[in-house]
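One structure is given here, and the rest of the page talks about it.
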Amino acid sequence: MKVMAVNGSPRKRWNTALLLESALEGAASHGAETELVHLHDLDFRGCSSCFACKLKQGESYGHCAQTDDLTPVLTMVEDVDALILGSPIYFGSVTGEMRSFMERLLFPCLAYSAPPRALFPEKIHVGCIYTMNMASAEEMQTRGVAAHLAAGERTLGMIFGDCEALHSFDTLQFSDYTTVVSDLFDAAHKAQRREQEFPKDRDKAFALGARLAR
Ligand SMILES: Cc1cc2nc3c(=O)[nH]c(=O)nc-3n(C[C@H](O)[C@H](O)[C@H](O)COP(=O)(O)O)c2cc1C
C-alpha cells in the first residue's frame with residue numbers, strides 16, 4: 001500500500017503541510033509506505049494544451065507528454081493506492097501550483113469520448129485537504145467556494161474512483177499578527193483556534209489518512 005501526499009502550499013511547515021503530515025501518519029499507522037511532495041520545490045508548468053495525451057495511436061495517449069520536474073511525480077501517481085492533495089485556499093480556489101498540478105494530472109486521464117471516460121488504469125482513493133481563513137462551511141458556501149471545490153472533487157472522483165474532503169477553517173496565517181497589517185483578524189481568536197481547533201483538524205487528517213490506507 002503506497003500513499004502519496006502533494007502539498008500545494010509554498011510553506012513546508014504550516015497548516016496544509018502539517019495536516020498532510022498527520023494524514024500520512026494515519027496512513028502509515030495502517031502499514032502504508034508514504035511520500036510527501038512539495039510542489040513549491042519543483043520547476044513545472046500547467047497544461048500546455050499540446051494534446052499529445054489525446055492523439056489517436058499517440059505514444060503519450062493517456063499520459064502527460066510535457067517533461068519537467070512534475071514528470072516523475074506524475075509517474076509516481078500511477079503507482080500509488082491513495083493520493084492526498086492538500087492546498088490552502090487562495091482567492092477562492094486551490095493555489096496556482098495545485099491547479100497546475102491538477103491540470104497535468106487530470107487532463108491526460110480524461111478521454112474526450114461521449115460520454116467522457118476515465119483512462120487512469122486503476123481505482124485509487126483520493127483525499128483533498130484544504131486550509132483557509134474562512135470560518136465555516138457556511139461561509140465557504142456563501143462565497144461560492146464550496147461549489148468550486150466540489151467541482152474539482154467530482155472530476156477527481158470520476159477519474160480515480162472516490163474522493164473525500166477535509167476543510168480546516170480559520171487557520172493561523174502568520175506566527176505574529178502584531179507585525180502584519182491585519183486589522184481584519186482578531187489575533188487572540190486566531191491563536192485560540194490554533195491551540196484548540198487545529199489539533200482536532202490534525203486528528204481528522206490522521207483519520208482520513210488511515211481510512212484511505214485501509
Ligand atoms: C495569496 C493568498 C490568498 C488567500 N486567499 C484566501 C481566500 O480567498 N480565502 C481564504 O479563506 N483564505 C485565503 N488565504 C489564507 C490561506 O488560505 C490560509 O492562511 C491557509 O491556511 C494558508 O495555508 P498554509 O499555512 O499551508 O500556507 C489566502 C492566503 C494567501 C497567501
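We name chains A, B, ... following the order of the C-alpha cells; residues begin at 1 in each chain, and ligands are numbered from 1 as shown.
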Can you tell me which residues surround Leu105 (chain A) at a distance of at most 12 Å, considering only C-alpha atoms, apart from same-chain residues fewer than 3 positions away, and format the answer as a PyMOL selection string? chain A and resi 6+45-47+53+62-66+70-78+83+85+98-102+108-110+118-120+155-156+159-160
Can you write just those residues out, C-alpha atoms, as an mmCIF file, in the first residue's frame?
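Output (selection.cif):
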```
data_model
loop_
_atom_site.group_PDB
_atom_site.id
_atom_site.type_symbol
_atom_site.label_atom_id
_atom_site.label_comp_id
_atom_site.auth_asym_id
_atom_site.auth_seq_id
_atom_site.Cartn_x
_atom_site.Cartn_y
_atom_site.Cartn_z
ATOM 1 C CA VAL A 6 1.012 16.560 -2.514
ATOM 2 C CA ARG A 45 4.104 24.489 -15.605
ATOM 3 C CA GLY A 46 0.426 23.813 -16.073
ATOM 4 C CA CYS A 47 -1.017 22.020 -19.107
ATOM 5 C CA CYS A 53 -2.163 12.868 -24.435
ATOM 6 C CA GLY A 62 -3.458 8.939 -21.610
ATOM 7 C CA HIS A 63 -0.196 10.362 -20.242
ATOM 8 C CA CYS A 64 1.222 13.870 -19.976
ATOM 9 C CA ALA A 65 3.919 14.431 -22.615
ATOM 10 C CA GLN A 66 5.330 17.607 -21.080
ATOM 11 C CA LEU A 70 6.474 17.193 -12.467
ATOM 12 C CA THR A 71 7.113 14.266 -14.823
ATOM 13 C CA PRO A 72 8.461 11.856 -12.143
ATOM 14 C CA VAL A 73 5.683 12.909 -9.756
ATOM 15 C CA LEU A 74 3.001 12.065 -12.337
ATOM 16 C CA THR A 75 4.705 8.715 -12.911
ATOM 17 C CA MET A 76 4.675 8.062 -9.156
ATOM 18 C CA VAL A 77 0.908 8.706 -9.020
ATOM 19 C CA GLU A 78 0.420 5.772 -11.419
ATOM 20 C CA LEU A 83 -3.433 10.173 -3.200
ATOM 21 C CA LEU A 85 -3.961 16.623 -2.294
ATOM 22 C CA MET A 98 -2.003 22.865 -7.131
ATOM 23 C CA ARG A 99 -4.170 23.965 -10.056
ATOM 24 C CA SER A 100 -1.284 23.440 -12.500
ATOM 25 C CA PHE A 101 -0.572 20.039 -10.959
ATOM 26 C CA MET A 102 -4.230 19.051 -11.318
ATOM 27 C CA PRO A 108 -4.467 13.179 -19.779
ATOM 28 C CA CYS A 109 -6.698 10.800 -17.794
ATOM 29 C CA LEU A 110 -9.878 12.153 -19.323
ATOM 30 C CA ALA A 118 -11.511 7.903 -17.269
ATOM 31 C CA LEU A 119 -8.235 6.494 -18.611
ATOM 32 C CA PHE A 120 -6.468 6.061 -15.274
ATOM 33 C CA THR A 155 -13.508 15.289 -11.550
ATOM 34 C CA LEU A 156 -11.070 13.562 -9.179
ATOM 35 C CA ILE A 159 -11.096 9.684 -12.753
ATOM 36 C CA PHE A 160 -9.849 7.875 -9.657
#
```
List every residue of chain A that has an atom at most 10 Å from any atom of ligand 1, giving for each one its closest atom pair and the distance in Å to one decimal, counting only C-alpha atoms and all ligand atoms, sorted by chain and then by ascending residue number, as a Markdown table.
```
| residue | atom | partner | partner_atom_place_in_ligand_line | distance |
| --- | --- | --- | --- | --- |
| A:Asn7 | CA | ligand 1 | 26 (O) | 8.2 |
| A:Gly8 | CA | ligand 1 | 26 (O) | 7.9 |
| A:Ser9 | CA | ligand 1 | 27 (O) | 4.9 |
| A:Pro10 | CA | ligand 1 | 27 (O) | 6.2 |
| A:Arg11 | CA | ligand 1 | 27 (O) | 5.0 |
| A:Lys12 | CA | ligand 1 | 26 (O) | 7.4 |
| A:Arg13 | CA | ligand 1 | 26 (O) | 7.5 |
| A:Trp14 | CA | ligand 1 | 25 (O) | 4.2 |
| A:Asn15 | CA | ligand 1 | 25 (O) | 3.9 |
| A:Thr16 | CA | ligand 1 | 26 (O) | 3.6 |
| A:Ala17 | CA | ligand 1 | 26 (O) | 5.7 |
| A:Leu18 | CA | ligand 1 | 26 (O) | 7.7 |
| A:Leu19 | CA | ligand 1 | 26 (O) | 8.6 |
| A:Leu20 | CA | ligand 1 | 26 (O) | 9.6 |
| A:Gly86 | CA | ligand 1 | 26 (O) | 8.3 |
| A:Ser87 | CA | ligand 1 | 26 (O) | 6.7 |
| A:Pro88 | CA | ligand 1 | 17 (O) | 4.2 |
| A:Ile89 | CA | ligand 1 | 17 (O) | 3.9 |
| A:Tyr90 | CA | ligand 1 | 5 (N) | 3.4 |
| A:Phe91 | CA | ligand 1 | 8 (O) | 3.1 |
| A:Gly92 | CA | ligand 1 | 8 (O) | 4.1 |
| A:Ser93 | CA | ligand 1 | 8 (O) | 6.9 |
| A:Val94 | CA | ligand 1 | 17 (O) | 8.4 |
| A:Thr95 | CA | ligand 1 | 1 (C) | 8.0 |
| A:Gly96 | CA | ligand 1 | 1 (C) | 9.6 |
| A:Tyr130 | CA | ligand 1 | 21 (O) | 7.7 |
| A:Thr131 | CA | ligand 1 | 21 (O) | 4.2 |
| A:Met132 | CA | ligand 1 | 17 (O) | 3.6 |
| A:Asn133 | CA | ligand 1 | 11 (O) | 3.5 |
| A:Met134 | CA | ligand 1 | 11 (O) | 3.8 |
| A:Ala135 | CA | ligand 1 | 11 (O) | 7.5 |
| A:Ser136 | CA | ligand 1 | 11 (O) | 9.4 |
| A:Glu139 | CA | ligand 1 | 11 (O) | 9.0 |
| A:Met140 | CA | ligand 1 | 11 (O) | 7.9 |
| A:Arg143 | CA | ligand 1 | 9 (N) | 9.1 |
| A:Val145 | CA | ligand 1 | 9 (N) | 8.5 |
| A:His167 | CA | ligand 1 | 21 (O) | 10.0 |
| A:Ser168 | CA | ligand 1 | 21 (O) | 7.6 |
| A:Phe169 | CA | ligand 1 | 11 (O) | 7.6 |
| A:Asp170 | CA | ligand 1 | 11 (O) | 7.3 |
| A:Thr171 | CA | ligand 1 | 21 (O) | 5.0 |
| A:Leu172 | CA | ligand 1 | 19 (O) | 6.3 |
| A:Gln173 | CA | ligand 1 | 19 (O) | 4.1 |
| A:Phe174 | CA | ligand 1 | 19 (O) | 7.7 |
```
Spatial neighbours of Leu166 (chain A), max dist 8 Å, only C-alpha atoms, sep filter under 3 positions, as a VMD selection string: chain A and resid 127 to 130 204 to 205
Writing out the chosen residues with C-alpha atoms as a PDB file, in the first residue's frame:
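Written out: selection37.pdb:
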```pdb
ATOM      1  CA  GLY A 127      -8.441  12.809  -0.270  1.00  0.00           C
ATOM      2  CA  CYS A 128      -8.462  16.601  -0.516  1.00  0.00           C
ATOM      3  CA  ILE A 129      -7.338  18.752   2.404  1.00  0.00           C
ATOM      4  CA  TYR A 130      -7.995  22.478   2.277  1.00  0.00           C
ATOM      5  CA  LYS A 204      -9.324  14.364  11.415  1.00  0.00           C
ATOM      6  CA  ALA A 205      -6.458  14.357   8.898  1.00  0.00           C
TER       7      ALA A 205
END
```
DSSP on the backbone, then: every residue of region 2-207 of chain A marked alpha helix (DSSP H), written as a count of residues only. 74
Per-residue DSSP, region 3-191 of chain A, filtered to strand (DSSP E or B), as a compact mmCIF listing (two decimals) with all heavy atoms, in the first residue's frame:
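Everything below was put into result_13.txt:
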```txt
# COMPACT_ATOMS: atom_id res chain seq x y z
N VAL A 3 0.89 5.48 -0.24
CA VAL A 3 0.07 6.68 -0.14
C VAL A 3 0.96 7.90 -0.37
O VAL A 3 1.99 8.05 0.27
CB VAL A 3 -0.62 6.78 1.24
CG1 VAL A 3 -1.48 8.03 1.32
CG2 VAL A 3 -1.48 5.54 1.51
N MET A 4 0.53 8.73 -1.29
CA MET A 4 1.32 9.91 -1.63
C MET A 4 0.52 11.17 -1.32
O MET A 4 -0.67 11.24 -1.61
CB MET A 4 1.62 9.85 -3.13
CG MET A 4 2.40 10.99 -3.67
SD MET A 4 2.69 10.59 -5.41
CE MET A 4 3.13 12.17 -5.99
N ALA A 5 1.17 12.14 -0.71
CA ALA A 5 0.52 13.42 -0.44
C ALA A 5 1.23 14.51 -1.22
O ALA A 5 2.46 14.48 -1.37
CB ALA A 5 0.55 13.73 1.05
N VAL A 6 0.46 15.47 -1.72
CA VAL A 6 1.01 16.56 -2.51
C VAL A 6 0.63 17.88 -1.86
O VAL A 6 -0.57 18.16 -1.67
CB VAL A 6 0.47 16.49 -3.97
CG1 VAL A 6 1.03 17.64 -4.80
CG2 VAL A 6 0.82 15.14 -4.61
N ASN A 7 1.64 18.66 -1.50
CA ASN A 7 1.40 19.93 -0.81
C ASN A 7 1.40 21.09 -1.80
O ASN A 7 2.41 21.39 -2.43
CB ASN A 7 2.50 20.15 0.25
CG ASN A 7 2.33 21.46 0.99
OD1 ASN A 7 1.23 22.04 1.01
ND2 ASN A 7 3.39 21.93 1.60
N GLU A 33 3.26 2.74 2.96
CA GLU A 33 4.52 3.42 2.63
C GLU A 33 4.10 4.82 2.18
O GLU A 33 3.17 4.94 1.36
CB GLU A 33 5.10 2.65 1.44
CG GLU A 33 6.52 2.88 1.09
CD GLU A 33 6.84 2.08 -0.17
OE1 GLU A 33 6.57 0.86 -0.19
OE2 GLU A 33 7.33 2.68 -1.12
N THR A 34 4.71 5.86 2.72
CA THR A 34 4.21 7.21 2.41
C THR A 34 5.27 8.11 1.79
O THR A 34 6.46 7.91 1.99
CB THR A 34 3.67 7.91 3.69
OG1 THR A 34 4.76 8.11 4.59
CG2 THR A 34 2.58 7.10 4.37
N GLU A 35 4.77 9.12 1.08
CA GLU A 35 5.67 10.08 0.40
C GLU A 35 4.96 11.43 0.38
O GLU A 35 3.77 11.52 0.07
CB GLU A 35 5.88 9.57 -1.05
CG GLU A 35 6.63 10.48 -1.94
CD GLU A 35 8.09 10.06 -2.11
OE1 GLU A 35 8.36 8.85 -2.05
OE2 GLU A 35 8.92 10.97 -2.30
N LEU A 36 5.70 12.48 0.71
CA LEU A 36 5.14 13.84 0.67
C LEU A 36 5.92 14.66 -0.35
O LEU A 36 7.14 14.79 -0.27
CB LEU A 36 5.23 14.48 2.07
CG LEU A 36 4.82 15.95 2.20
CD1 LEU A 36 3.36 16.17 1.77
CD2 LEU A 36 4.98 16.43 3.65
N VAL A 37 5.19 15.22 -1.31
CA VAL A 37 5.81 16.03 -2.35
C VAL A 37 5.39 17.49 -2.16
O VAL A 37 4.20 17.78 -2.03
CB VAL A 37 5.36 15.55 -3.76
CG1 VAL A 37 5.87 16.49 -4.85
CG2 VAL A 37 5.81 14.12 -4.02
N HIS A 38 6.36 18.38 -2.12
CA HIS A 38 6.07 19.81 -2.02
C HIS A 38 6.16 20.41 -3.43
O HIS A 38 7.27 20.49 -4.00
CB HIS A 38 7.08 20.52 -1.11
CG HIS A 38 7.04 20.03 0.31
ND1 HIS A 38 6.05 20.41 1.20
CD2 HIS A 38 7.86 19.19 1.00
CE1 HIS A 38 6.28 19.83 2.37
NE2 HIS A 38 7.36 19.08 2.28
N ALA A 82 -3.33 5.40 -2.90
CA ALA A 82 -4.11 6.54 -2.42
C ALA A 82 -3.31 7.82 -2.62
O ALA A 82 -2.08 7.81 -2.53
CB ALA A 82 -4.49 6.37 -0.95
N LEU A 83 -4.05 8.89 -2.91
CA LEU A 83 -3.43 10.17 -3.20
C LEU A 83 -4.14 11.23 -2.36
O LEU A 83 -5.37 11.27 -2.32
CB LEU A 83 -3.62 10.47 -4.70
CG LEU A 83 -3.13 11.79 -5.24
CD1 LEU A 83 -1.60 11.87 -5.17
CD2 LEU A 83 -3.58 11.96 -6.70
N ILE A 84 -3.34 12.07 -1.68
CA ILE A 84 -3.93 13.13 -0.86
C ILE A 84 -3.42 14.47 -1.35
O ILE A 84 -2.21 14.72 -1.36
CB ILE A 84 -3.58 12.94 0.64
CG1 ILE A 84 -3.94 11.52 1.10
CG2 ILE A 84 -4.31 13.98 1.49
CD1 ILE A 84 -3.46 11.18 2.51
N LEU A 85 -4.34 15.31 -1.80
CA LEU A 85 -3.96 16.62 -2.29
C LEU A 85 -4.27 17.64 -1.21
O LEU A 85 -5.38 17.68 -0.68
CB LEU A 85 -4.76 16.97 -3.56
CG LEU A 85 -4.71 15.96 -4.71
CD1 LEU A 85 -5.48 16.50 -5.91
CD2 LEU A 85 -3.27 15.66 -5.09
N GLY A 86 -3.29 18.47 -0.88
CA GLY A 86 -3.50 19.49 0.15
C GLY A 86 -3.23 20.87 -0.42
O GLY A 86 -2.23 21.07 -1.12
N SER A 87 -4.12 21.81 -0.13
CA SER A 87 -3.89 23.17 -0.63
C SER A 87 -4.54 24.20 0.28
O SER A 87 -5.65 23.99 0.76
CB SER A 87 -4.46 23.33 -2.04
OG SER A 87 -4.21 24.64 -2.53
N PRO A 88 -3.85 25.33 0.47
CA PRO A 88 -4.55 26.48 1.05
C PRO A 88 -5.55 27.00 0.01
O PRO A 88 -5.38 26.72 -1.19
CB PRO A 88 -3.44 27.52 1.24
CG PRO A 88 -2.16 26.86 0.92
CD PRO A 88 -2.46 25.64 0.12
N TYR A 90 -6.55 30.05 -2.02
CA TYR A 90 -6.05 31.36 -2.47
C TYR A 90 -7.12 31.95 -3.38
O TYR A 90 -7.45 31.38 -4.43
CB TYR A 90 -4.75 31.20 -3.28
CG TYR A 90 -3.47 31.04 -2.48
CD1 TYR A 90 -3.46 30.85 -1.10
CD2 TYR A 90 -2.24 31.08 -3.14
CE1 TYR A 90 -2.27 30.71 -0.41
CE2 TYR A 90 -1.05 30.94 -2.45
CZ TYR A 90 -1.07 30.75 -1.08
OH TYR A 90 0.12 30.60 -0.40
N SER A 93 -9.91 29.52 -4.43
CA SER A 93 -9.61 28.26 -5.11
C SER A 93 -8.34 27.65 -4.50
O SER A 93 -7.80 28.19 -3.55
CB SER A 93 -9.40 28.51 -6.61
OG SER A 93 -9.25 27.29 -7.29
N LEU A 110 -8.48 11.93 -18.94
CA LEU A 110 -9.88 12.15 -19.32
C LEU A 110 -10.03 12.00 -20.83
O LEU A 110 -9.55 12.84 -21.59
CB LEU A 110 -10.26 13.58 -18.89
CG LEU A 110 -11.72 13.95 -18.87
CD1 LEU A 110 -12.47 13.14 -17.82
CD2 LEU A 110 -11.86 15.44 -18.57
N ALA A 111 -10.66 10.92 -21.28
CA ALA A 111 -10.83 10.73 -22.72
C ALA A 111 -12.01 11.58 -23.19
O ALA A 111 -13.05 11.62 -22.55
CB ALA A 111 -11.10 9.26 -23.02
N ARG A 117 -14.64 9.53 -20.54
CA ARG A 117 -14.23 8.29 -19.89
C ARG A 117 -12.92 8.50 -19.15
O ARG A 117 -12.06 9.24 -19.63
CB ARG A 117 -14.05 7.25 -21.00
CG ARG A 117 -14.08 5.79 -20.60
CD ARG A 117 -14.32 4.92 -21.86
NE ARG A 117 -13.50 5.30 -23.01
CZ ARG A 117 -12.28 4.84 -23.25
NH1 ARG A 117 -11.69 4.01 -22.43
NH2 ARG A 117 -11.63 5.21 -24.34
N ALA A 118 -12.76 7.80 -18.02
CA ALA A 118 -11.51 7.90 -17.27
C ALA A 118 -10.50 6.92 -17.83
O ALA A 118 -10.82 5.75 -18.06
CB ALA A 118 -11.77 7.60 -15.80
N ILE A 124 -8.23 4.34 -7.35
CA ILE A 124 -7.48 4.60 -6.12
C ILE A 124 -8.30 5.56 -5.25
O ILE A 124 -9.25 6.17 -5.73
CB ILE A 124 -6.08 5.21 -6.40
CG1 ILE A 124 -6.19 6.58 -7.07
CG2 ILE A 124 -5.23 4.26 -7.22
CD1 ILE A 124 -4.86 7.33 -7.15
N HIS A 125 -7.93 5.65 -3.98
CA HIS A 125 -8.64 6.55 -3.07
C HIS A 125 -7.98 7.92 -3.11
O HIS A 125 -6.76 8.03 -3.12
CB HIS A 125 -8.59 6.01 -1.64
CG HIS A 125 -9.10 4.61 -1.53
ND1 HIS A 125 -10.43 4.31 -1.67
CD2 HIS A 125 -8.46 3.45 -1.32
CE1 HIS A 125 -10.58 3.01 -1.54
NE2 HIS A 125 -9.41 2.46 -1.33
N VAL A 126 -8.81 8.95 -3.09
CA VAL A 126 -8.28 10.31 -3.11
C VAL A 126 -8.85 11.12 -1.95
O VAL A 126 -10.05 11.01 -1.65
CB VAL A 126 -8.60 11.02 -4.45
CG1 VAL A 126 -8.09 12.45 -4.44
CG2 VAL A 126 -8.00 10.26 -5.62
N GLY A 127 -8.00 11.88 -1.31
CA GLY A 127 -8.44 12.81 -0.27
C GLY A 127 -7.99 14.21 -0.63
O GLY A 127 -6.91 14.39 -1.21
N CYS A 128 -8.83 15.20 -0.31
CA CYS A 128 -8.46 16.60 -0.52
C CYS A 128 -8.49 17.31 0.83
O CYS A 128 -9.48 17.22 1.56
CB CYS A 128 -9.45 17.30 -1.44
SG CYS A 128 -9.41 16.71 -3.13
N ILE A 129 -7.41 18.01 1.15
CA ILE A 129 -7.34 18.75 2.40
C ILE A 129 -7.14 20.23 2.07
O ILE A 129 -6.21 20.58 1.35
CB ILE A 129 -6.18 18.24 3.29
CG1 ILE A 129 -6.44 16.78 3.70
CG2 ILE A 129 -6.00 19.13 4.52
CD1 ILE A 129 -5.36 16.15 4.57
N TYR A 130 -8.06 21.05 2.55
CA TYR A 130 -7.99 22.48 2.28
C TYR A 130 -7.85 23.24 3.58
O TYR A 130 -8.51 22.90 4.57
CB TYR A 130 -9.28 22.96 1.60
CG TYR A 130 -9.74 22.16 0.41
CD1 TYR A 130 -10.83 21.29 0.51
CD2 TYR A 130 -9.11 22.30 -0.83
CE1 TYR A 130 -11.27 20.57 -0.58
CE2 TYR A 130 -9.56 21.58 -1.93
CZ TYR A 130 -10.64 20.71 -1.80
OH TYR A 130 -11.07 20.00 -2.89
N THR A 131 -7.01 24.27 3.59
CA THR A 131 -6.92 25.15 4.76
C THR A 131 -7.24 26.57 4.30
O THR A 131 -6.95 26.94 3.16
CB THR A 131 -5.52 25.11 5.40
OG1 THR A 131 -4.58 25.78 4.55
CG2 THR A 131 -5.05 23.68 5.64
N GLY A 161 -12.05 7.26 -8.81
CA GLY A 161 -12.96 6.32 -8.14
C GLY A 161 -13.70 6.92 -6.97
O GLY A 161 -14.90 6.89 -6.92
N ASP A 162 -12.98 7.48 -6.00
CA ASP A 162 -13.68 8.18 -4.93
C ASP A 162 -12.81 9.27 -4.36
O ASP A 162 -11.58 9.26 -4.51
CB ASP A 162 -14.17 7.22 -3.84
CG ASP A 162 -13.03 6.56 -3.09
OD1 ASP A 162 -12.32 7.26 -2.36
OD2 ASP A 162 -12.84 5.33 -3.27
N CYS A 163 -13.46 10.23 -3.75
CA CYS A 163 -12.73 11.40 -3.26
C CYS A 163 -13.43 11.94 -2.03
O CYS A 163 -14.64 12.16 -2.05
CB CYS A 163 -12.71 12.45 -4.37
SG CYS A 163 -11.89 13.98 -3.90
N GLU A 164 -12.68 12.11 -0.93
CA GLU A 164 -13.29 12.73 0.24
C GLU A 164 -12.49 13.97 0.64
O GLU A 164 -11.28 14.05 0.39
CB GLU A 164 -13.43 11.76 1.41
CG GLU A 164 -12.16 11.32 2.06
CD GLU A 164 -12.43 10.60 3.39
OE1 GLU A 164 -12.85 11.26 4.34
OE2 GLU A 164 -12.19 9.37 3.46
N ALA A 165 -13.20 14.95 1.23
CA ALA A 165 -12.55 16.23 1.52
C ALA A 165 -12.54 16.55 3.00
O ALA A 165 -13.43 16.14 3.75
CB ALA A 165 -13.28 17.34 0.76
N LEU A 166 -11.51 17.27 3.41
CA LEU A 166 -11.39 17.77 4.78
C LEU A 166 -11.07 19.27 4.71
O LEU A 166 -10.17 19.67 3.96
CB LEU A 166 -10.26 17.02 5.51
CG LEU A 166 -9.78 17.57 6.85
CD1 LEU A 166 -10.91 17.61 7.87
CD2 LEU A 166 -8.64 16.71 7.38
N HIS A 167 -11.84 20.06 5.44
CA HIS A 167 -11.65 21.52 5.42
C HIS A 167 -11.17 21.99 6.79
O HIS A 167 -11.81 21.68 7.79
CB HIS A 167 -12.97 22.23 5.07
CG HIS A 167 -13.59 21.74 3.81
ND1 HIS A 167 -14.48 20.69 3.78
CD2 HIS A 167 -13.42 22.13 2.53
CE1 HIS A 167 -14.84 20.47 2.52
NE2 HIS A 167 -14.21 21.32 1.75
N SER A 168 -10.10 22.73 6.82
CA SER A 168 -9.60 23.31 8.07
C SER A 168 -9.84 24.82 7.99
O SER A 168 -9.25 25.52 7.16
CB SER A 168 -8.11 23.00 8.23
OG SER A 168 -7.62 23.56 9.41
```
